[in-house]
$ cat input.tsv   # TSV, C-alpha atoms
chain	number	residue	atom	x	y	z
A	99	MET	CA	76.14	59.54	72.16
A	100	SER	CA	74.96	63.10	71.69
A	101	SER	CA	74.37	64.26	68.12
A	102	GLN	CA	74.74	67.91	69.09
A	103	PRO	CA	77.67	69.71	67.40
A	104	THR	CA	80.62	70.54	69.62
A	105	VAL	CA	83.02	73.44	69.39
A	106	GLN	CA	86.50	72.28	68.42
A	107	ALA	CA	89.70	74.18	68.98
A	108	PRO	CA	91.62	75.00	65.78
A	109	SER	CA	94.06	72.26	64.76
A	110	ASP	CA	96.94	74.73	64.76
A	111	PRO	CA	97.38	76.18	68.26
A	112	GLY	CA	100.01	78.55	66.91
A	113	ARG	CA	97.58	80.17	64.47
A	114	LEU	CA	98.62	83.74	63.77
A	115	PRO	CA	96.30	86.70	64.31
A	116	THR	CA	94.22	87.80	61.34
A	117	THR	CA	95.60	90.91	59.63
A	118	LEU	CA	94.44	93.03	56.71
A	119	PRO	CA	97.16	91.62	54.40
A	120	LEU	CA	96.10	88.11	55.40
A	121	LEU	CA	92.50	88.91	54.41
A	122	MET	CA	93.63	90.20	51.03
A	123	GLY	CA	95.67	87.05	50.62
A	124	LYS	CA	92.61	84.93	51.29
A	125	LYS	CA	90.68	86.87	48.66
A	126	ARG	CA	93.42	86.40	46.07
A	127	LEU	CA	93.63	82.68	46.81
A	128	GLY	CA	89.87	82.22	46.89
A	129	GLU	CA	89.91	81.01	50.50
A	130	PRO	CA	86.53	81.64	52.21
A	131	ILE	CA	86.60	84.20	55.01
A	132	VAL	CA	84.63	83.35	58.15
A	133	MET	CA	83.06	86.14	60.19
A	134	VAL	CA	80.68	85.99	63.14
A	135	THR	CA	79.25	88.47	65.61
A	136	ALA	CA	80.00	88.34	69.34
A	137	TYR	CA	78.76	90.44	72.23
A	138	ASP	CA	80.47	89.16	75.40
A	139	PHE	CA	83.34	87.07	76.72
A	140	PRO	CA	81.68	83.63	76.24
A	141	SER	CA	80.67	84.30	72.63
A	142	ALA	CA	84.16	85.63	71.93
A	143	ARG	CA	85.68	82.43	73.33
A	144	ALA	CA	83.43	80.36	71.08
A	145	ALA	CA	84.55	82.38	68.05
A	146	GLU	CA	88.19	81.97	69.09
A	147	ALA	CA	87.80	78.21	69.56
A	148	ALA	CA	86.19	77.87	66.13
A	149	GLY	CA	89.11	79.68	64.50
A	150	VAL	CA	87.04	82.33	62.71
A	151	ASP	CA	88.82	85.11	60.85
A	152	LEU	CA	86.75	88.15	61.81
A	153	VAL	CA	84.61	89.00	64.81
A	154	LEU	CA	82.14	91.87	64.64
A	155	VAL	CA	80.66	93.40	67.75
A	156	GLY	CA	77.55	94.41	65.89
A	157	ASP	CA	74.94	96.95	66.83
A	158	SER	CA	72.67	93.93	66.49
A	159	ALA	CA	73.49	93.68	70.20
A	160	ALA	CA	70.51	96.01	70.57
A	161	THR	CA	68.11	93.22	69.59
A	162	THR	CA	70.10	90.14	70.61
A	163	VAL	CA	71.29	91.02	74.12
A	164	LEU	CA	69.81	94.38	75.15
A	165	GLY	CA	66.15	93.68	74.43
A	166	TYR	CA	65.35	96.44	71.94
A	167	ASP	CA	63.22	95.84	68.85
A	168	ALA	CA	65.62	97.70	66.53
A	169	THR	CA	69.32	98.49	66.33
A	170	THR	CA	68.96	102.26	66.55
A	171	PRO	CA	68.52	102.61	70.36
A	172	VAL	CA	71.98	101.20	71.17
A	173	VAL	CA	74.46	103.93	72.15
A	174	LEU	CA	78.22	104.22	71.98
A	175	GLU	CA	78.65	103.54	75.70
A	176	ASP	CA	76.78	100.25	75.28
A	177	MET	CA	79.04	99.26	72.40
A	178	LEU	CA	82.18	100.11	74.36
A	179	VAL	CA	81.16	97.88	77.28
A	180	LEU	CA	80.27	94.95	75.01
A	181	THR	CA	83.35	95.32	72.84
A	182	ARG	CA	85.71	95.39	75.82
A	183	ALA	CA	84.23	92.08	76.97
A	184	VAL	CA	84.72	90.55	73.52
A	185	ARG	CA	88.28	91.88	73.34
A	186	ARG	CA	89.15	89.98	76.51
A	187	GLY	CA	87.99	86.72	74.92
A	188	LEU	CA	89.87	86.98	71.61
A	189	ARG	CA	93.42	86.18	70.60
A	190	THR	CA	93.53	85.67	66.83
A	191	PRO	CA	90.40	86.97	65.03
A	192	LEU	CA	90.42	90.57	63.82
A	193	LEU	CA	88.05	92.55	66.05
A	194	ILE	CA	85.70	94.99	64.33
A	195	GLY	CA	83.34	97.32	66.19
A	196	ASP	CA	80.09	98.67	64.75
A	197	LEU	CA	79.63	102.42	64.99
A	198	PRO	CA	76.10	102.79	66.39
A	199	PHE	CA	73.44	105.00	64.89
A	200	GLY	CA	73.96	108.65	65.80
A	201	SER	CA	77.65	108.29	66.62
A	202	TYR	CA	79.13	109.19	63.22
A	203	GLU	CA	76.53	110.79	60.96
A	204	VAL	CA	76.82	114.39	62.16
A	205	SER	CA	80.32	115.14	60.85
A	206	ASP	CA	83.66	113.65	59.88
A	207	GLU	CA	85.03	114.89	63.18
A	208	GLN	CA	82.34	113.08	65.15
A	209	ALA	CA	83.02	109.91	63.16
A	210	ILE	CA	86.77	110.07	63.83
A	211	THR	CA	86.20	110.69	67.54
A	212	THR	CA	83.83	107.74	67.82
A	213	ALA	CA	86.15	105.43	65.89
A	214	MET	CA	89.09	106.45	68.06
A	215	ARG	CA	87.14	105.63	71.20
A	216	MET	CA	86.33	102.18	69.82
A	217	VAL	CA	90.03	101.60	69.21
A	218	LYS	CA	91.50	103.21	72.35
A	219	GLU	CA	88.86	102.23	74.91
A	220	ALA	CA	87.57	98.92	73.56
A	221	GLY	CA	90.56	97.49	71.70
A	222	CYS	CA	89.03	97.31	68.23
A	223	GLU	CA	91.35	96.85	65.28
A	224	ALA	CA	88.79	98.22	62.82
A	225	VAL	CA	85.32	99.75	62.77
A	226	LYS	CA	82.27	99.29	60.57
A	227	LEU	CA	79.75	101.84	59.40
A	228	GLU	CA	76.58	101.51	57.33
A	229	GLY	CA	75.55	102.95	54.00
A	230	GLY	CA	77.28	104.06	50.85
A	231	GLY	CA	75.76	107.49	50.37
A	232	GLN	CA	77.79	110.67	50.19
A	233	ALA	CA	77.84	111.18	53.96
A	234	SER	CA	78.88	107.60	54.78
A	235	VAL	CA	81.61	107.69	52.15
A	236	SER	CA	82.93	110.93	53.59
A	237	ARG	CA	82.94	109.46	57.11
A	238	ALA	CA	84.72	106.33	55.92
A	239	ARG	CA	87.40	108.36	54.14
A	240	ALA	CA	87.92	110.54	57.20
A	241	ILE	CA	88.29	107.59	59.58
A	242	VAL	CA	90.67	105.82	57.22
A	243	GLY	CA	92.62	109.08	56.96
A	244	ALA	CA	92.94	109.05	60.75
A	245	GLY	CA	94.63	105.66	60.54
A	246	ILE	CA	91.73	103.37	61.49
A	247	PRO	CA	90.62	100.59	59.10
A	248	VAL	CA	86.98	100.75	58.05
A	249	MET	CA	84.59	98.06	56.86
A	250	GLY	CA	81.69	99.33	54.77
A	251	HIS	CA	78.15	97.92	54.63
A	252	VAL	CA	75.69	98.14	51.72
A	253	GLY	CA	72.39	96.55	50.74
A	254	LEU	CA	70.06	96.22	53.70
A	255	THR	CA	71.41	98.60	56.34
A	256	PRO	CA	69.47	97.99	59.57
A	257	GLN	CA	70.15	101.44	61.04
A	258	THR	CA	68.21	103.00	58.16
A	259	ALA	CA	65.84	100.11	57.40
A	260	THR	CA	62.80	102.37	57.72
A	261	ALA	CA	64.03	104.58	54.91
A	262	LEU	CA	64.64	101.46	52.80
A	263	GLY	CA	61.06	100.29	53.21
A	264	GLY	CA	61.63	97.89	56.07
A	265	TRP	CA	63.67	94.76	56.70
A	266	LYS	CA	63.62	93.33	53.20
A	267	ALA	CA	66.02	92.42	50.43
A	268	GLN	CA	67.58	95.29	48.48
A	269	GLY	CA	68.76	95.56	44.88
A	270	ARG	CA	65.90	93.63	43.32
A	271	THR	CA	65.64	95.95	40.33
A	272	ALA	CA	68.39	96.89	37.90
A	273	ALA	CA	68.36	100.49	39.11
A	274	ALA	CA	68.50	99.50	42.77
A	275	ALA	CA	71.32	97.01	42.11
A	276	ALA	CA	73.26	99.65	40.18
A	277	ARG	CA	72.91	102.00	43.15
A	278	ILE	CA	74.38	99.33	45.45
A	279	ALA	CA	77.23	98.88	42.98
A	280	ALA	CA	77.94	102.61	42.98
A	281	GLU	CA	77.90	102.69	46.80
A	282	ALA	CA	80.23	99.70	47.07
A	283	LEU	CA	82.71	101.22	44.63
A	284	ALA	CA	82.57	104.57	46.42
A	285	LEU	CA	83.35	102.93	49.75
A	286	GLN	CA	86.20	101.01	48.16
A	287	ASP	CA	87.57	104.25	46.72
A	288	ALA	CA	87.27	105.84	50.17
A	289	GLY	CA	89.73	103.28	51.50
A	290	CYS	CA	87.53	100.63	53.12
A	291	PHE	CA	89.43	97.37	53.62
A	292	ALA	CA	86.29	95.23	53.19
A	293	LEU	CA	82.54	95.40	52.63
A	294	VAL	CA	79.44	93.67	53.93
A	295	PHE	CA	76.73	92.84	51.39
A	296	GLU	CA	73.46	92.26	53.24
A	297	ALA	CA	70.22	90.86	51.84
A	298	ILE	CA	70.80	91.30	48.13
A	299	PRO	CA	70.02	88.76	45.40
A	300	SER	CA	72.72	86.21	44.69
A	301	ALA	CA	72.77	87.15	41.02
A	302	VAL	CA	73.51	90.76	41.94
A	303	SER	CA	76.45	89.68	44.09
A	304	GLU	CA	77.78	87.62	41.19
A	305	GLU	CA	77.68	90.68	38.93
A	306	LEU	CA	79.32	92.99	41.45
A	307	MET	CA	82.13	90.79	42.73
A	308	PRO	CA	84.39	91.20	39.65
A	309	LEU	CA	84.21	94.99	40.15
A	310	LEU	CA	85.64	94.92	43.67
A	311	GLU	CA	89.26	94.54	44.71
A	312	ILE	CA	88.61	94.29	48.47
A	313	PRO	CA	87.08	91.35	50.38
A	314	VAL	CA	83.29	91.19	50.47
A	315	ILE	CA	81.51	89.40	53.31
A	316	GLY	CA	77.97	88.32	52.59
A	317	ILE	CA	74.95	87.90	54.81
A	318	GLY	CA	71.99	86.85	52.74
A	319	ALA	CA	73.93	87.75	49.59
A	320	GLY	CA	74.61	84.28	48.20
A	321	PRO	CA	77.79	82.21	47.79
A	322	ALA	CA	79.70	84.45	45.37
A	323	THR	CA	81.10	86.72	48.11
A	324	ASP	CA	84.56	86.19	49.60
A	325	GLY	CA	83.14	85.16	52.96
A	326	GLN	CA	80.05	84.89	55.12
A	327	VAL	CA	78.86	86.37	58.41
A	328	LEU	CA	75.98	85.34	60.67
A	329	VAL	CA	74.72	86.77	63.93
A	330	PHE	CA	75.83	84.59	66.85
A	331	HIS	CA	72.32	84.30	68.29
A	332	ASP	CA	70.83	83.41	64.90
A	333	LEU	CA	73.19	80.59	64.03
A	334	LEU	CA	72.98	79.05	67.52
A	335	GLY	CA	69.24	79.51	67.94
A	336	ILE	CA	69.47	81.80	70.96
A	337	ARG	CA	66.33	83.63	69.97
A	338	ASP	CA	62.61	83.14	69.36
A	339	GLY	CA	61.39	82.52	65.83
A	340	LEU	CA	63.30	81.41	62.78
A	341	GLY	CA	64.91	84.73	61.83
A	342	PRO	CA	65.67	85.88	58.26
A	343	ARG	CA	65.51	83.33	55.45
A	344	PHE	CA	69.29	83.40	54.98
A	345	VAL	CA	69.94	82.07	58.50
A	346	LYS	CA	71.08	78.47	58.89
A	347	ARG	CA	70.58	77.35	62.48
A	348	TYR	CA	73.36	75.12	63.80
A	349	ALA	CA	71.91	74.61	67.29
A	350	ASN	CA	68.79	75.38	69.33
A	351	LEU	CA	70.32	76.80	72.47
A	352	GLN	CA	67.26	78.85	73.45
A	353	GLN	CA	65.31	75.62	73.86
A	354	GLU	CA	68.16	74.10	75.86
A	355	MET	CA	68.40	77.15	78.12
A	356	ASN	CA	64.64	77.25	78.66
A	357	ALA	CA	64.60	73.55	79.53
A	358	GLY	CA	67.56	73.88	81.88
A	359	VAL	CA	66.14	76.81	83.84
A	360	THR	CA	62.72	75.14	83.99
A	361	ALA	CA	64.26	71.95	85.41
A	362	TYR	CA	66.20	73.97	87.99
A	363	ALA	CA	63.08	75.86	89.07
A	364	GLU	CA	61.17	72.60	89.44
A	365	ASP	CA	63.95	71.04	91.52
A	366	VAL	CA	63.99	74.02	93.88
A	367	ARG	CA	60.20	73.99	94.30
A	368	MET	CA	60.18	70.23	94.96
A	369	ARG	CA	63.17	70.58	97.35
A	370	ARG	CA	65.28	68.26	95.20
A	371	TYR	CA	67.97	70.92	94.95
A	372	PRO	CA	70.33	71.36	96.64
A	373	GLY	CA	71.14	67.74	97.45
A	374	PRO	CA	73.81	66.46	99.85
A	375	GLU	CA	76.37	66.48	97.06
A	376	HIS	CA	75.93	70.25	96.66
A	377	THR	CA	76.59	71.18	100.29
A	378	TYR	CA	79.71	71.79	102.42
A	379	LYS	CA	80.58	69.74	105.54
A	380	ILE	CA	81.56	70.75	109.08
A	381	ASP	CA	82.79	68.65	111.98
A	382	PRO	CA	79.89	67.77	114.34
A	383	ALA	CA	81.97	68.95	117.30
A	384	GLU	CA	82.19	72.39	115.69
A	385	VAL	CA	78.41	72.44	115.28
A	386	ALA	CA	77.99	71.57	118.95
A	387	GLU	CA	80.33	74.40	119.94
A	388	LEU	CA	78.45	76.78	117.66
A	389	ARG	CA	75.18	75.89	119.39
A	390	SER	CA	76.79	76.61	122.74
A	391	LEU	CA	78.03	79.99	121.49
A	392	LEU	CA	74.64	80.91	120.07
A	393	GLN	CA	72.88	80.01	123.34
A	394	ARG	CA	75.06	82.53	125.17
$ encode --input "input.tsv" --output "structure tokens"
Amino acid sequence: MSSQPTVQAPSDPGRLPTTLPLLMGKKRLGEPIVMVTAYDFPSARAAEAAGVDLVLVGDSAATTVLGYDATTPVVLEDMLVLTRAVRRGLRTPLLIGDLPFGSYEVSDEQAITTAMRMVKEAGCEAVKLEGGGQASVSRARAIVGAGIPVMGHVGLTPQTATALGGWKAQGRTAAAAARIAAEALALQDAGCFALVFEAIPSAVSEELMPLLEIPVIGIGAGPATDGQVLVFHDLLGIRDGLGPRFVKRYANLQQEMNAGVTAYAEDVRMRRYPGPEHTYKIDPAEVAELRSLLQR
């Protein structure tokens, strides 16, 4: 019997869609919130089958499915295509779309226009933007004012990782942690319905959580947050290398895919595939008639 984990459908087939009030209810009751990224129809179906609460079409698509070495090259048109595919695979999780780098920083008007496209053209129910500085807070407030829910993101913000000194944990001094606290509170005041804490010390999360009234989803921020998020390709091992230290790998699908394609290639080269069981039949009399027609 295989020891590999299998995806199970939720026990309650009548599970209701995730809503913002439901998320707040989970926070009040202390029920962990489950969030995962998805980038296409199959990954969305896996998230649906697992019964997760939130699905983020992250700009991490740049590195996971589009082959870039950073998140910044991905453009809005890329995100719209990917998000539409995810939308078609979801029924109950709340769908959140990342606003890619360069699509919201210029002005509040640009941010609103981008967010509206994510909602109207891709079917998002909310959007996410990075950073808690003055500009990001202004953009969040403007988008919320236009009637679109916004998830904020503080700590390590990949779109601006270079300015933060690279892909490393943030908030490791009292001053840096206090800055993250100020950014989180500013985003909450701007109307964000939830926040992502990325790559900050667990002890900092523990200190900040009592200050926040909205749900906080952690990724490399310890267990004190209201929920957790991992990148689909990280948790399933659809990538090379181990990834960040906060990743727990639940499968090694890259190895399985490599082995499967290698076996297929070997079968083709050795003429083991296709076999008789993979071919279609035709009546011998029809073949004889075909030969006659071809000879004419």
$ axis_aligned_box --input "input.tsv" --around "stretch 335-343 of chain A" --padding-each-side "8 Å" --output "AutoDock Vina command-line options"
--center_x 65.4 --center_y 82.7 --center_z 63.2 --size_x 24.1 --size_y 22.4 --size_z 31.5
$ closest_residue --input "input.tsv" --among "A:Ala267, A:Ala383, A:Leu293, A:Ala233" --to "A:Phe344" --atoms "all atoms listed in the file"
A:Ala267
$ closest_atom_pairs --input "input.tsv" --of "stretch 223-336 of chain A" --to "stretch 202-213 of chain A" --cutoff "8 Å" --atoms "only C-alpha atoms" --output "tab-separated table"
residue	atom	partner	partner_atom	distance
A:Val225	CA	A:Ala213	CA	6.5
A:Ala233	CA	A:Glu203	CA	7.1
A:Ser234	CA	A:Glu203	CA	7.3
A:Ser236	CA	A:Asp206	CA	6.9
A:Arg237	CA	A:Asp206	CA	5.1
A:Ala240	CA	A:Asp206	CA	5.9
A:Ile241	CA	A:Ile210	CA	5.2
A:Ala244	CA	A:Ile210	CA	7.0
A:Ile246	CA	A:Ala213	CA	7.4
$ closest_residue --input "input.tsv" --among "A:Val132, A:Ile278, A:Ala224, A:Leu197" --to "A:Leu328" --atoms "only C-alpha atoms"
A:Val132
$ atom_distance --input "input.tsv" --atom1 "atom CA of A:Glu281" --atom2 "atom CA of A:Gly230"
4.3 Å
$ residues_around --input "input.tsv" --residues "A:Arg185" --least-positions-apart "2" --cutoff "10 Å" --atoms "only C-alpha atoms" --output "PyMOL selection string"
chain A and resi 136-139+142-143+153+155+180-183+187-189+191-194+220-223
$ atom_distance --input "input.tsv" --atom1 "atom CA of A:Cys290" --atom2 "atom CA of A:Gly250"
6.2 Å
$ residues_around --input "input.tsv" --residues "stretch 355-363 of chain A" --least-positions-apart "6" --cutoff "12 Å" --atoms "all atoms listed in the file" --output "ChimeraX atom specification"
/A:334-338,349,369-372
$ closest_residue --input "input.tsv" --among "A:Ser390, A:Arg367, A:Ala159, A:Gly229" --to "A:Leu285" --atoms "all atoms listed in the file"
A:Gly229
$ atom_distance --input "input.tsv" --atom1 "atom CA of A:Val302" --atom2 "atom CA of A:Gln232"
22.0 Å
$ residues_around --input "input.tsv" --residues "A:Ala282" --least-positions-apart "3" --cutoff "10 Å" --atoms "all atoms listed in the file" --output "mmCIF file with C-alpha atoms, in the frame of the given file"
data_model
loop_
_atom_site.group_PDB
_atom_site.id
_atom_site.type_symbol
_atom_site.label_atom_id
_atom_site.label_comp_id
_atom_site.auth_asym_id
_atom_site.auth_seq_id
_atom_site.Cartn_x
_atom_site.Cartn_y
_atom_site.Cartn_z
ATOM 1 C CA GLY A 229 75.550 102.950 54.000
ATOM 2 C CA GLY A 230 77.280 104.060 50.850
ATOM 3 C CA GLY A 231 75.760 107.490 50.370
ATOM 4 C CA VAL A 235 81.610 107.690 52.150
ATOM 5 C CA GLY A 250 81.690 99.330 54.770
ATOM 6 C CA HIS A 251 78.150 97.920 54.630
ATOM 7 C CA VAL A 252 75.690 98.140 51.720
ATOM 8 C CA GLY A 253 72.390 96.550 50.740
ATOM 9 C CA ALA A 276 73.260 99.650 40.180
ATOM 10 C CA ARG A 277 72.910 102.000 43.150
ATOM 11 C CA ILE A 278 74.380 99.330 45.450
ATOM 12 C CA ALA A 279 77.230 98.880 42.980
ATOM 13 C CA LEU A 285 83.350 102.930 49.750
ATOM 14 C CA GLN A 286 86.200 101.010 48.160
ATOM 15 C CA ASP A 287 87.570 104.250 46.720
ATOM 16 C CA ALA A 288 87.270 105.840 50.170
ATOM 17 C CA CYS A 290 87.530 100.630 53.120
ATOM 18 C CA ALA A 292 86.290 95.230 53.190
ATOM 19 C CA LEU A 293 82.540 95.400 52.630
ATOM 20 C CA VAL A 294 79.440 93.670 53.930
ATOM 21 C CA PHE A 295 76.730 92.840 51.390
ATOM 22 C CA LEU A 306 79.320 92.990 41.450
ATOM 23 C CA LEU A 309 84.210 94.990 40.150
ATOM 24 C CA LEU A 310 85.640 94.920 43.670
ATOM 25 C CA VAL A 314 83.290 91.190 50.470
#
$ closest_residue --input "input.tsv" --among "A:Asp151, A:Arg126, A:Gln353, A:Lys218" --to "A:Leu178" --atoms "all atoms listed in the file"
A:Lys218
$ build_atoms --input "input.tsv" --residues "stretch 210-241 of chain A" --atoms "N, CA and C atoms" --output "PDB file, in the frame of the given file"
ATOM      1  N   ILE A 210      85.390 110.371  63.423  1.00  0.00           N
ATOM      2  CA  ILE A 210      86.770 110.070  63.830  1.00  0.00           C
ATOM      3  C   ILE A 210      86.840 109.894  65.342  1.00  0.00           C
ATOM      4  N   THR A 211      86.183 110.778  66.082  1.00  0.00           N
ATOM      5  CA  THR A 211      86.200 110.690  67.540  1.00  0.00           C
ATOM      6  C   THR A 211      85.601 109.378  68.021  1.00  0.00           C
ATOM      7  N   THR A 212      84.478 108.991  67.436  1.00  0.00           N
ATOM      8  CA  THR A 212      83.830 107.740  67.820  1.00  0.00           C
ATOM      9  C   THR A 212      84.722 106.545  67.489  1.00  0.00           C
ATOM     10  N   ALA A 213      85.280 106.539  66.291  1.00  0.00           N
ATOM     11  CA  ALA A 213      86.150 105.430  65.890  1.00  0.00           C
ATOM     12  C   ALA A 213      87.368 105.334  66.807  1.00  0.00           C
ATOM     13  N   MET A 214      87.931 106.475  67.163  1.00  0.00           N
ATOM     14  CA  MET A 214      89.090 106.450  68.060  1.00  0.00           C
ATOM     15  C   MET A 214      88.735 105.887  69.425  1.00  0.00           C
ATOM     16  N   ARG A 215      87.549 106.188  69.921  1.00  0.00           N
ATOM     17  CA  ARG A 215      87.140 105.630  71.200  1.00  0.00           C
ATOM     18  C   ARG A 215      86.986 104.109  71.113  1.00  0.00           C
ATOM     19  N   MET A 216      86.467 103.627  69.999  1.00  0.00           N
ATOM     20  CA  MET A 216      86.330 102.180  69.820  1.00  0.00           C
ATOM     21  C   MET A 216      87.689 101.495  69.813  1.00  0.00           C
ATOM     22  N   VAL A 217      88.686 102.169  69.252  1.00  0.00           N
ATOM     23  CA  VAL A 217      90.030 101.600  69.210  1.00  0.00           C
ATOM     24  C   VAL A 217      90.719 101.733  70.570  1.00  0.00           C
ATOM     25  N   LYS A 218      90.736 102.936  71.128  1.00  0.00           N
ATOM     26  CA  LYS A 218      91.500 103.210  72.350  1.00  0.00           C
ATOM     27  C   LYS A 218      90.854 102.584  73.592  1.00  0.00           C
ATOM     28  N   GLU A 219      89.534 102.667  73.698  1.00  0.00           N
ATOM     29  CA  GLU A 219      88.860 102.230  74.910  1.00  0.00           C
ATOM     30  C   GLU A 219      88.381 100.791  74.873  1.00  0.00           C
ATOM     31  N   ALA A 220      88.136 100.276  73.668  1.00  0.00           N
ATOM     32  CA  ALA A 220      87.570  98.920  73.560  1.00  0.00           C
ATOM     33  C   ALA A 220      88.510  97.930  72.879  1.00  0.00           C
ATOM     34  N   GLY A 221      89.593  98.406  72.289  1.00  0.00           N
ATOM     35  CA  GLY A 221      90.560  97.490  71.700  1.00  0.00           C
ATOM     36  C   GLY A 221      90.219  97.001  70.313  1.00  0.00           C
ATOM     37  N   CYS A 222      89.337  97.699  69.609  1.00  0.00           N
ATOM     38  CA  CYS A 222      89.030  97.310  68.230  1.00  0.00           C
ATOM     39  C   CYS A 222      90.245  97.509  67.327  1.00  0.00           C
ATOM     40  N   GLU A 223      90.327  96.679  66.302  1.00  0.00           N
ATOM     41  CA  GLU A 223      91.350  96.850  65.280  1.00  0.00           C
ATOM     42  C   GLU A 223      90.794  97.505  64.024  1.00  0.00           C
ATOM     43  N   ALA A 224      89.472  97.582  63.947  1.00  0.00           N
ATOM     44  CA  ALA A 224      88.790  98.220  62.820  1.00  0.00           C
ATOM     45  C   ALA A 224      87.380  98.559  63.267  1.00  0.00           C
ATOM     46  N   VAL A 225      86.714  99.412  62.499  1.00  0.00           N
ATOM     47  CA  VAL A 225      85.320  99.750  62.770  1.00  0.00           C
ATOM     48  C   VAL A 225      84.498  99.534  61.515  1.00  0.00           C
ATOM     49  N   LYS A 226      83.180  99.445  61.697  1.00  0.00           N
ATOM     50  CA  LYS A 226      82.270  99.290  60.570  1.00  0.00           C
ATOM     51  C   LYS A 226      81.201 100.367  60.637  1.00  0.00           C
ATOM     52  N   LEU A 227      80.860 100.902  59.483  1.00  0.00           N
ATOM     53  CA  LEU A 227      79.750 101.840  59.400  1.00  0.00           C
ATOM     54  C   LEU A 227      78.837 101.439  58.248  1.00  0.00           C
ATOM     55  N   GLU A 228      77.595 101.917  58.301  1.00  0.00           N
ATOM     56  CA  GLU A 228      76.580 101.510  57.330  1.00  0.00           C
ATOM     57  C   GLU A 228      76.367 102.564  56.263  1.00  0.00           C
ATOM     58  N   GLY A 229      75.968 102.080  55.086  1.00  0.00           N
ATOM     59  CA  GLY A 229      75.550 102.950  54.000  1.00  0.00           C
ATOM     60  C   GLY A 229      76.682 103.357  53.086  1.00  0.00           C
ATOM     61  N   GLY A 230      76.300 103.646  51.842  1.00  0.00           N
ATOM     62  CA  GLY A 230      77.280 104.060  50.850  1.00  0.00           C
ATOM     63  C   GLY A 230      76.937 105.385  50.205  1.00  0.00           C
ATOM     64  N   GLY A 231      76.085 106.162  50.873  1.00  0.00           N
ATOM     65  CA  GLY A 231      75.760 107.490  50.370  1.00  0.00           C
ATOM     66  C   GLY A 231      76.920 108.452  50.575  1.00  0.00           C
ATOM     67  N   GLN A 232      76.720 109.662  50.138  1.00  0.00           N
ATOM     68  CA  GLN A 232      77.790 110.670  50.190  1.00  0.00           C
ATOM     69  C   GLN A 232      78.313 110.869  51.610  1.00  0.00           C
ATOM     70  N   ALA A 233      77.406 110.942  52.582  1.00  0.00           N
ATOM     71  CA  ALA A 233      77.840 111.180  53.960  1.00  0.00           C
ATOM     72  C   ALA A 233      78.650 110.005  54.498  1.00  0.00           C
ATOM     73  N   SER A 234      78.165 108.779  54.281  1.00  0.00           N
ATOM     74  CA  SER A 234      78.880 107.600  54.780  1.00  0.00           C
ATOM     75  C   SER A 234      80.241 107.463  54.129  1.00  0.00           C
ATOM     76  N   VAL A 235      80.320 107.762  52.845  1.00  0.00           N
ATOM     77  CA  VAL A 235      81.610 107.690  52.150  1.00  0.00           C
ATOM     78  C   VAL A 235      82.584 108.704  52.726  1.00  0.00           C
ATOM     79  N   SER A 236      82.085 109.902  52.995  1.00  0.00           N
ATOM     80  CA  SER A 236      82.930 110.930  53.590  1.00  0.00           C
ATOM     81  C   SER A 236      83.431 110.499  54.962  1.00  0.00           C
ATOM     82  N   ARG A 237      82.532 109.911  55.782  1.00  0.00           N
ATOM     83  CA  ARG A 237      82.940 109.460  57.110  1.00  0.00           C
ATOM     84  C   ARG A 237      83.982 108.349  57.006  1.00  0.00           C
ATOM     85  N   ALA A 238      83.770 107.419  56.095  1.00  0.00           N
ATOM     86  CA  ALA A 238      84.720 106.330  55.920  1.00  0.00           C
ATOM     87  C   ALA A 238      86.093 106.857  55.534  1.00  0.00           C
ATOM     88  N   ARG A 239      86.120 107.787  54.592  1.00  0.00           N
ATOM     89  CA  ARG A 239      87.400 108.360  54.140  1.00  0.00           C
ATOM     90  C   ARG A 239      88.104 109.090  55.286  1.00  0.00           C
ATOM     91  N   ALA A 240      87.332 109.798  56.092  1.00  0.00           N
ATOM     92  CA  ALA A 240      87.920 110.540  57.200  1.00  0.00           C
ATOM     93  C   ALA A 240      88.519 109.601  58.244  1.00  0.00           C
ATOM     94  N   ILE A 241      87.794 108.539  58.574  1.00  0.00           N
ATOM     95  CA  ILE A 241      88.290 107.590  59.580  1.00  0.00           C
ATOM     96  C   ILE A 241      89.531 106.878  59.072  1.00  0.00           C
TER      97      ILE A 241
END
